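Structure data (mmCIF, C-alpha atoms) from query.cif:
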data_data
loop_
_atom_site.label_atom_id
_atom_site.label_comp_id
_atom_site.auth_asym_id
_atom_site.auth_seq_id
_atom_site.Cartn_x
_atom_site.Cartn_y
_atom_site.Cartn_z
CA PHE N 1 0.00 0.00 0.00
CA PHE N 2 2.81 2.40 0.86
CA SER N 3 4.46 2.17 -2.56
CA VAL N 4 1.17 2.64 -4.45
CA LYS N 5 0.23 5.64 -2.32
CA LEU N 6 3.64 7.24 -2.80
CA ALA N 7 3.63 6.62 -6.56
CA SER N 8 0.12 7.99 -7.00
CA GLU N 9 0.95 11.18 -5.08
CA SER N 10 4.42 11.75 -6.54
CA ARG N 11 4.35 10.99 -10.24
CA ASP N 12 7.96 12.14 -10.69
CA VAL N 13 9.45 9.42 -8.45
CA LYS N 14 10.47 5.90 -9.38
CA ILE N 15 9.20 3.13 -7.08
CA TYR N 16 10.95 -0.21 -6.48
CA ALA N 17 8.76 -2.51 -4.40
CA VAL N 18 9.84 -5.91 -3.09
CA GLU N 19 7.16 -8.31 -1.84
CA ALA N 20 7.91 -11.75 -0.37
CA ASN N 21 4.45 -13.34 -0.54
CA PRO N 22 3.71 -14.38 -4.16
CA SER N 23 -0.05 -13.80 -3.86
CA ALA N 24 0.53 -10.37 -2.28
CA CYS N 25 3.00 -9.65 -5.07
CA GLY N 26 0.23 -10.38 -7.57
CA TYR N 27 -2.10 -8.02 -5.73
CA LEU N 28 0.61 -5.36 -5.71
CA GLY N 29 0.95 -5.65 -9.49
CA ALA N 30 -2.83 -5.38 -9.90
CA ASN N 31 -2.86 -2.39 -7.57
CA PHE N 32 -0.13 -0.72 -9.65
CA ARG N 33 -2.21 -1.28 -12.81
CA LEU N 34 -5.50 -0.13 -11.22
CA ASN N 35 -3.84 3.05 -9.94
CA SER N 36 -1.95 3.69 -13.19
CA VAL N 37 1.46 3.42 -11.52
CA LYS N 38 3.79 3.52 -14.49
CA ASN N 39 6.87 4.61 -12.57
CA GLY N 40 7.19 1.42 -10.53
CA ASN N 41 9.01 -1.88 -10.58
CA ILE N 42 8.02 -4.91 -8.54
CA LEU N 43 10.36 -7.66 -7.46
CA CYS N 44 8.70 -10.78 -6.09
CA GLY N 45 10.99 -12.11 -3.38
CA ALA N 46 12.04 -11.42 0.18
CA VAL N 47 14.69 -9.03 1.48
CA GLY N 48 17.14 -10.68 3.84
CA GLY N 49 20.69 -10.61 5.10
CA LYS N 50 21.92 -13.39 2.79
CA SER N 51 20.87 -14.17 -0.77
CA GLY N 52 19.51 -17.56 -1.67
CA VAL N 53 16.27 -19.40 -1.05
CA ALA N 54 14.48 -19.65 2.30
CA GLN N 55 11.14 -20.63 3.74
CA LEU N 56 8.53 -17.90 4.01
CA TYR N 57 6.07 -18.65 6.80
CA VAL N 58 2.79 -17.31 5.47
CA ALA N 59 0.52 -16.05 8.21
CA GLY N 60 -3.19 -16.70 8.29
CA ASN N 61 -3.81 -12.96 8.19
CA GLY N 62 -1.18 -12.46 5.47
CA VAL N 63 0.36 -9.27 6.84
CA ASN N 64 2.47 -11.04 9.45
CA SER N 65 4.20 -13.43 7.06
CA SER N 66 7.90 -13.72 7.86
CA LEU N 67 11.12 -15.63 7.36
CA ILE N 68 11.00 -16.23 11.14
CA PRO N 69 8.53 -18.96 12.17
CA ARG N 70 8.27 -17.75 15.80
CA TYR N 71 7.31 -14.29 14.58
CA VAL N 72 4.35 -15.68 12.64
CA GLU N 73 3.24 -17.87 15.53
CA GLU N 74 3.40 -14.91 17.92
CA TYR N 75 1.31 -12.51 15.83
CA SER N 76 -0.93 -14.82 13.80
CA SER N 77 -1.07 -18.44 12.83
CA ARG N 78 0.87 -20.20 10.11
CA ALA N 79 -1.28 -20.97 7.09
CA TYR N 80 1.48 -22.59 5.03
CA THR N 81 5.14 -22.28 4.07
CA LEU N 82 6.77 -21.84 0.72
CA ASN N 83 10.23 -21.32 -0.68
CA VAL N 84 11.05 -17.77 -1.74
CA ARG N 85 14.06 -16.13 -3.34
CA ILE N 86 15.96 -13.93 -0.87
CA TYR N 87 17.65 -10.76 -2.11
CA THR N 88 20.02 -8.62 -0.09
CA LEU N 89 19.48 -4.89 -0.28
CA ARG N 90 22.81 -4.68 -2.09
CA GLU N 91 21.51 -7.11 -4.75
CA ILE N 92 18.36 -5.01 -5.20
CA PHE N 93 20.48 -1.91 -5.76
CA GLU N 94 22.57 -3.84 -8.30
CA LYS N 95 19.56 -5.40 -10.04
CA PHE N 96 17.98 -2.00 -10.69
CA SER N 97 21.31 -0.15 -11.19
CA LEU N 98 20.61 2.15 -8.27
CA GLU N 99 23.42 4.42 -7.16
CA ARG N 100 21.35 6.52 -4.77
CA VAL N 101 17.74 6.44 -3.58
CA SER N 102 15.66 9.05 -1.80
CA LEU N 103 13.89 6.69 0.60
CA VAL N 104 14.01 3.08 1.74
CA LYS N 105 10.83 2.02 3.53
CA MET N 106 11.58 -1.33 5.15
CA ASP N 107 9.00 -3.70 6.62
CA VAL N 108 10.56 -7.17 6.69
CA GLU N 109 8.82 -8.67 9.72
CA GLY N 110 11.70 -9.27 12.07
CA VAL N 111 14.83 -9.36 9.89
CA GLU N 112 15.45 -5.58 9.79
CA GLU N 113 18.71 -5.70 11.74
CA GLU N 114 20.05 -8.58 9.65
CA VAL N 115 19.27 -6.67 6.43
CA LEU N 116 21.03 -3.49 7.60
CA LEU N 117 24.09 -5.32 8.92
CA SER N 118 24.50 -7.09 5.59
CA CYS N 119 24.70 -3.84 3.61
CA ARG N 120 26.50 -1.33 5.82
CA GLU N 121 27.91 0.46 2.77
CA LEU N 122 24.36 1.52 1.87
CA VAL N 123 23.81 3.08 5.31
CA SER N 124 25.03 6.46 4.10
CA PRO N 125 23.17 9.56 2.88
CA GLU N 126 25.23 9.32 -0.32
CA ARG N 127 23.45 6.02 -1.08
CA VAL N 128 20.13 6.28 0.83
CA GLU N 129 18.90 9.72 1.77
CA LYS N 130 16.15 8.65 4.21
CA TRP N 131 15.00 5.49 5.95
CA ILE N 132 11.69 4.43 7.45
CA ILE N 133 12.13 1.08 9.17
CA GLU N 134 9.39 -0.85 10.90
CA VAL N 135 11.18 -2.76 13.66
CA HIS N 136 9.83 -5.85 15.41
CA PRO N 137 11.53 -6.47 18.76
CA PRO N 138 12.73 -8.87 20.03
CA TYR N 139 13.51 -10.21 16.55
CA SER N 140 15.51 -7.07 15.74
CA SER N 141 17.03 -4.68 18.23
CA PRO N 142 15.84 -1.07 17.88
CA SER N 143 18.84 0.23 19.84
CA ARG N 144 21.36 -1.58 17.60
CA ILE N 145 19.57 -0.29 14.49
CA VAL N 146 19.56 3.26 15.89
CA ASP N 147 23.29 2.93 16.74
CA LEU N 148 24.05 1.85 13.18
CA LEU N 149 22.03 4.70 11.63
CA GLU N 150 23.20 7.43 14.02
CA ARG N 151 26.70 7.29 12.59
CA GLU N 152 25.41 8.98 9.41
CA TYR N 153 21.89 10.23 10.14
CA ARG N 154 19.66 12.06 12.56
CA VAL N 155 17.30 9.44 13.97
CA ALA N 156 13.87 9.46 15.60
CA THR N 157 11.78 6.57 16.85
CA PHE N 158 8.02 6.33 17.08
CA LEU N 159 6.23 3.85 19.29
CA ASP N 160 2.45 3.52 19.22
CA TYR N 161 1.42 1.88 22.49
CA ASP N 162 -1.75 0.60 20.83
CA ILE N 163 0.31 -1.51 18.42
CA PRO N 164 2.53 -3.83 20.46
CA GLY N 165 5.55 -5.54 18.96
CA GLN N 166 6.59 -2.84 16.53
CA LEU N 167 8.05 0.61 16.37
CA PHE N 168 9.24 2.86 13.59
CA ILE N 169 12.69 4.31 13.11
CA TYR N 170 13.09 7.35 10.89
CA ALA N 171 16.52 8.48 9.67
CA TRP N 172 17.45 11.52 7.59
CA PRO N 173 20.70 13.33 6.73
CA ARG N 174 22.43 15.34 9.43
CA ARG N 175 22.82 18.55 7.35
#

Now, as a test, write the supplied structure out as structure tokens.
Amino acid sequence: FFSVKLASESRDVKIYAVEANPSACGYLGANFRLNSVKNGNILCGAVGGKSGVAQLYVAGNGVNSSLIPRYVEEYSSRAYTLNVRIYTLREIFEKFSLERVSLVKMDVEGVEEEVLLSCRELVSPERVEKWIIEVHPPYSSPSRIVDLLEREYRVATFLDYDIPGQLFIYAWPRR
């Protein structure tokens, strides 16, 4: 939803969306077509710390699907599992020939820290201007993610007490 909303409101931006769940990826493509998103690319696969193939644990409610089985069991119920292609953030940059992006919005259901640690060279305003990261403790450590980002960015966190098990980290250049 985030990528479609952004693309529909900012026609001059290019959107690269990565979706792990194949059926959700199909819906994303349909949503791009229905909303006339012509400035977007969709990659069906998961973002992780290591490339390869891994099991995606698909949640009964869909939105809590994850590469971490405990995460799914904590927030939903497991409907089924399937093998998905895992891409590192570095591979996504290479695949789309991206030198610099304005914003990375990351929601990877528990593997946020692993993703960032695997691509430290991208954690720089010269490569990624801003970050919005949905963090799911205890599967990722908000303090370690903040520590990693604070080297190059100003950082703020947002916790909604009505939504347990997640918080948002925002990072933008220090200028």

Choose the residue, out of N:Leu148, N:Ser23, N:Ile86, N:Phe158, that has the smallest atom-to-atom separation from N:Ile132; count only C-alpha atoms.
->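 The shortest atom-to-atom distance to N:Ile132 comes from N:Phe158.
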
For stretch 30-39 of chain N, list every protein, DNA or RNA residue within 7 Å, evaluated using all atoms listed in the file, and leave out those in the same chain fewer than 5 positions away; present the list as a PyMOL selection string.
-> chain N and resi 4+7-8+13-15

Compile a residue-level contact table for stretch 22-52 of chain N against stretch 99-119 of chain N at a cut-off of 12 Å, reporting for every qualifying residue the shortest atom pair and its distance in Å to one decimal, with only C-alpha atoms counted, rows ordered by chain and ascending number, as a tab-separated table.
residue	atom	partner	partner_atom	distance
N:Gly45	CA	N:Val108	CA	11.2
N:Ala46	CA	N:Val108	CA	7.9
N:Val47	CA	N:Val108	CA	6.9
N:Gly48	CA	N:Val115	CA	5.2
N:Gly49	CA	N:Val115	CA	4.4
N:Lys50	CA	N:Ser118	CA	7.4
N:Ser51	CA	N:Ser118	CA	10.2

Near N:Phe93, counting all atoms listed in the file, which residues have an atom at most 12 Å away, once you skip same-chain residues fewer than 2 positions from it, shown as a PDB file with C-alpha atoms, in the coordinates of the input?
ATOM      1  CA  TYR N  16      10.950  -0.210  -6.480  1.00  0.00           C
ATOM      2  CA  ALA N  17       8.760  -2.510  -4.400  1.00  0.00           C
ATOM      3  CA  VAL N  18       9.840  -5.910  -3.090  1.00  0.00           C
ATOM      4  CA  LEU N  43      10.360  -7.660  -7.460  1.00  0.00           C
ATOM      5  CA  VAL N  47      14.690  -9.030   1.480  1.00  0.00           C
ATOM      6  CA  TYR N  87      17.650 -10.760  -2.110  1.00  0.00           C
ATOM      7  CA  THR N  88      20.020  -8.620  -0.090  1.00  0.00           C
ATOM      8  CA  LEU N  89      19.480  -4.890  -0.280  1.00  0.00           C
ATOM      9  CA  ARG N  90      22.810  -4.680  -2.090  1.00  0.00           C
ATOM     10  CA  GLU N  91      21.510  -7.110  -4.750  1.00  0.00           C
ATOM     11  CA  LYS N  95      19.560  -5.400 -10.040  1.00  0.00           C
ATOM     12  CA  PHE N  96      17.980  -2.000 -10.690  1.00  0.00           C
ATOM     13  CA  SER N  97      21.310  -0.150 -11.190  1.00  0.00           C
ATOM     14  CA  LEU N  98      20.610   2.150  -8.270  1.00  0.00           C
ATOM     15  CA  GLU N  99      23.420   4.420  -7.160  1.00  0.00           C
ATOM     16  CA  ARG N 100      21.350   6.520  -4.770  1.00  0.00           C
ATOM     17  CA  VAL N 101      17.740   6.440  -3.580  1.00  0.00           C
ATOM     18  CA  VAL N 104      14.010   3.080   1.740  1.00  0.00           C
ATOM     19  CA  CYS N 119      24.700  -3.840   3.610  1.00  0.00           C
ATOM     20  CA  GLU N 121      27.910   0.460   2.770  1.00  0.00           C
ATOM     21  CA  LEU N 122      24.360   1.520   1.870  1.00  0.00           C
ATOM     22  CA  ARG N 127      23.450   6.020  -1.080  1.00  0.00           C
ATOM     23  CA  VAL N 128      20.130   6.280   0.830  1.00  0.00           C
TER      24      VAL N 128
END

Using the chain letters and numbering of this document, enumerate as a list in words the residues selected by the PyMOL selection byres ((chain N and resi 60-73) around 9).
->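 When the PyMOL selection byres ((chain N and resi 60-73) around 9) is applied to the shown file, the picked residues are Ala20, Asn21, Ala24, Ala46, Gly48, Ala54, Gln55, Leu56, Tyr57, Val58, Ala59, Glu74, Tyr75, Ser76, Ser77, Arg78, Ala79, Tyr80, Val108, Glu109, Gly110, Val111, His136 and Tyr139 of chain N.
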
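Across N:Tyr161, N:Arg154, N:Pro173, N:Val84, the tightest approach to N:Glu126 is made by N:Pro173 when counting all atoms listed in the file.
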
With distances taken over all atoms listed in the file, the candidate from N:Ile169, N:Glu9, N:Pro22, N:Ile42 nearest N:Arg144 is N:Ile169

Using all atoms listed in the file, find the one residue out of N:Asp147, N:Ser141, N:Glu134, N:Ile92 that sits nearest to N:Asp160.
-> N:Glu134

N:Leu159, N:Glu152, N:Arg85, N:Leu167: which is nearest N:Val135, counting all atoms listed in the file?
->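 The answer is N:Leu167, which sits nearest to N:Val135.
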
What separation in Å, quoted to one decimal, exists between atom CA of N:Glu129 and atom CA of N:Trp172?
-> 6.3 Å
